[in-house]
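Read the structure below first, then the notes.
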Amino acid sequence: MVYTFGEPHVSSITIQVVATLVANLGMIHTGMMIGFPSVLLPPLLEVGPDLHISFAQATWLSSISFISAPVACVVAGPMIDRVGRRWGLVLLNLTFIAGWLPSAVFPLSLPALYIGRICSGIGAGAASSTCSTYTAEVAAVYLRTTLVLITPLMLSVGAAITYLWAMLFQESWSEVSWFGFGLTAASLVLTLLLPESPMWLLSRGHAEEALQALQRLRGASGPEQVKEELDSFSSRASDKQQKTSWLSNFKHLRKPQVYKPLIMMNLLYLCGNFTGVMLVTSFAVDFTERAGIKAEAYYVAMCIAIVRMVSILIFTWVSNVFGNRNPAIFFAVIMTASMTMLAVNVSGLLVLPQWLIGALVLVYVYAGSTSFSNIMVSMLGEVFPTEMRGFASGITTGLGFMLSFVSTKLYPIFVTEFEAYFVFLFFAIFGAVGTLYIYFFLPETHGKTLLEIEDYFKGVKITGTKL
């Protein structure tokens, strides 16, 4: 049987899903890294016989990962362009092992905790671009929209795992660290079994290896079954056998298929970050309390993590039916409206009942995750050309982590100095700005091949694609 290019087959779908899940295990560790302060800080700030730290030390301990992550984002791009996507996944797992071991072996050593958080931030920075790049390149066109959303889903799963462990071990963080170490070791072994990205192999001139990798990923018994798909991009990718260097990367930035999506994605990250969506994971309890709800910390965190996961699962179906762009616009409007109502409630102009405030918080998290978080991660591995995908996605995610560091450091100051009303109003204004940005500048990538997306940014007209 000869496979038809773009036609789904059960065996091919199964293999691609399994490969994507394994490749995105690093995002579980990223989610655990982001949620780890919820386990670490409460016992460290309490009075007792064990290790205790000041509030300033706690602030740095929770945010220091966001400082090391941008460096890794920028370095990871050229690294995976040079050594390959699979070996990039191997290296980021080794970095996460270095991140979990210090807090597991030396749980009462503050320097060890700092070192672990820094290494975890490096792993998270590398994972953010490497996982999405590998996923986009190994997925068939008919599955790519679905599979790229596994990346944010795994991040939410990691955060939920950490919150669950926090509920079970509220006085200790070593159990969570050992669990993270074991999970990372398992993902390292599984990653070694993955095939390399066929597109990367072609870009390096390894046509035979690319054919074998594509056969494995599609579950094909012979080369004739994947010939049509391989031919769809081999003529261009096989010409890109140049050595990747920093100089060549910056020269490529002058090309419209590179700088246009780079500007587009970075502005999208900027809008998404200042809508407050990214802050919710780190300040779930404080955010909810300032919105007007009093609840037990761990249950609030779990509810938010669950809502984020649900948003990804539903968006997977919605994006396959309606594409990426229109649902993003729809949910951005809902997010802005819910945040506006929360801001009005906090200001005292309108007093809402507790159940409605809780519903608005969850709607805000759900709609914000769908309209910005999910769309940013899902498009990250799609919009950049093959030879620049690692480098450009590294720059974008690096800026994202820098913005996360700035916002996590400023949020406590702003809600104290300017009151929650002005902060919530700020989120609502940026929500409106972000909605307009998505409407006017975000293209539809659903159903397009990676080369069609690249041609679009070059200025080649493609049916069904619009700004």
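Please note that chains go A, B, ... in the order of the structure tokens, that every chain numbers its residues from 1, and that ligands are numbered from 1 in the order shown.
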- Write out as a ChimeraX atom specification which residues come within 12 Å of Thr151 (chain A) when counting only C-alpha atoms, dropping same-chain ones fewer than 5 positions away. /A:17,20-31,127-136,144-146,156-158,309,312-313,316,373-381
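With only C-alpha atoms taken into account, the protein and nucleic acid residues at most 8 Å from region 263-274 of chain A (excluding it and anything under 4 positions from it in its own chain) are Tyr259, Met278, Leu279, Phe372, Ser373, Met376, Leu380, Thr396, Leu399, Gly400, Leu403, Ser404, Ser407, Phe426, Phe427, Phe430, Gly431, Val433, Gly434, Tyr437, Ile438, Phe441 and Leu442 of chain A.
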- Task: Figure out the distance between CA of Met154 (chain A) and CA of Gly180 (chain A), please, to one decimal in Å.
- Result: 14.0 Å
- Item | Distance criterion (only C-alpha atoms): nearest to Val307 (chain A) out of A:Gly368, A:Gly459, A:Gly398, A:Gly121 |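 Nearest candidate to Val307 (chain A) out of A:Gly368, A:Gly459, A:Gly398, A:Gly121: A:Gly368.
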- Fewer than 2 positions away in the same chain doesn't count, so skip those; otherwise give me all residues within 10 Å of region 346-359 of chain A, counting only C-alpha atoms, as a ChimeraX atom specification. /A:288,290-294,338,340-344,361-365,419-422,424-425
For the selection you just gave me, I'd like the residues written to a file as an mmCIF file, in the first residue's frame, keeping C-alpha atoms.
```
data_model
loop_
_atom_site.group_PDB
_atom_site.id
_atom_site.type_symbol
_atom_site.label_atom_id
_atom_site.label_comp_id
_atom_site.auth_asym_id
_atom_site.auth_seq_id
_atom_site.Cartn_x
_atom_site.Cartn_y
_atom_site.Cartn_z
ATOM 1 C CA THR A 288 -7.234 35.021 43.419
ATOM 2 C CA ARG A 290 -6.843 40.158 45.325
ATOM 3 C CA ALA A 291 -9.679 39.385 42.926
ATOM 4 C CA GLY A 292 -11.876 38.932 45.996
ATOM 5 C CA ILE A 293 -11.790 35.212 46.824
ATOM 6 C CA LYS A 294 -10.365 33.575 49.942
ATOM 7 C CA SER A 338 -13.608 38.878 32.212
ATOM 8 C CA THR A 340 -12.424 44.114 32.900
ATOM 9 C CA MET A 341 -15.237 42.838 35.138
ATOM 10 C CA LEU A 342 -12.693 41.714 37.757
ATOM 11 C CA ALA A 343 -11.071 45.155 37.653
ATOM 12 C CA VAL A 344 -14.446 46.856 38.122
ATOM 13 C CA VAL A 361 -11.101 34.047 37.436
ATOM 14 C CA LEU A 362 -11.395 30.596 35.871
ATOM 15 C CA VAL A 363 -12.824 32.031 32.647
ATOM 16 C CA TYR A 364 -9.952 34.516 32.531
ATOM 17 C CA VAL A 365 -7.379 31.735 32.993
ATOM 18 C CA GLU A 419 -3.364 48.529 44.439
ATOM 19 C CA ALA A 420 -4.887 45.590 42.585
ATOM 20 C CA TYR A 421 -7.395 47.711 40.658
ATOM 21 C CA PHE A 422 -4.722 49.455 38.567
ATOM 22 C CA PHE A 424 -6.065 44.441 36.821
ATOM 23 C CA LEU A 425 -6.943 47.424 34.631
#
```
- Could you pull out all residues of region 149-371 of chain A with a DSSP call of alpha helix (DSSP H) and give them as number ranges by chain? A: 150-168, 174-191, 198-203, 207-218, 227-237, 246-252, 256-273, 279-282, 284-291, 297-322, 325-347, 354-368
- Nearest to Phe96 (chain A) among A:Trp165, A:Phe315, A:Phe181, A:Tyr411, with distances taken over only C-alpha atoms: which residue is it?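 Among the listed residues, A:Phe181 lies closest to Phe96 (chain A).
Using only C-alpha atoms, the smallest distance between any of A:Val258, A:Ala139, A:Met167, A:Leu436 and Val300 (chain A) comes from A:Met167.
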- Note on the structure: CA of Pro327 (chain A) to CA of Thr370 (chain A) measures 8.0 Å
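Distance-wise, CA of Val226 (chain A) and CA of Gly77 (chain A) end up 28.2 Å apart.
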- Item | Within 12 Å of Met32 (chain A) using only C-alpha atoms, minus same-chain residues under 5 positions, as a PyMOL selection string | chain A and resi 25-27+37-40+65+96+99-100+117+120-121+123-124+154-166+173+176-177+179-181+183-184+281-282+305
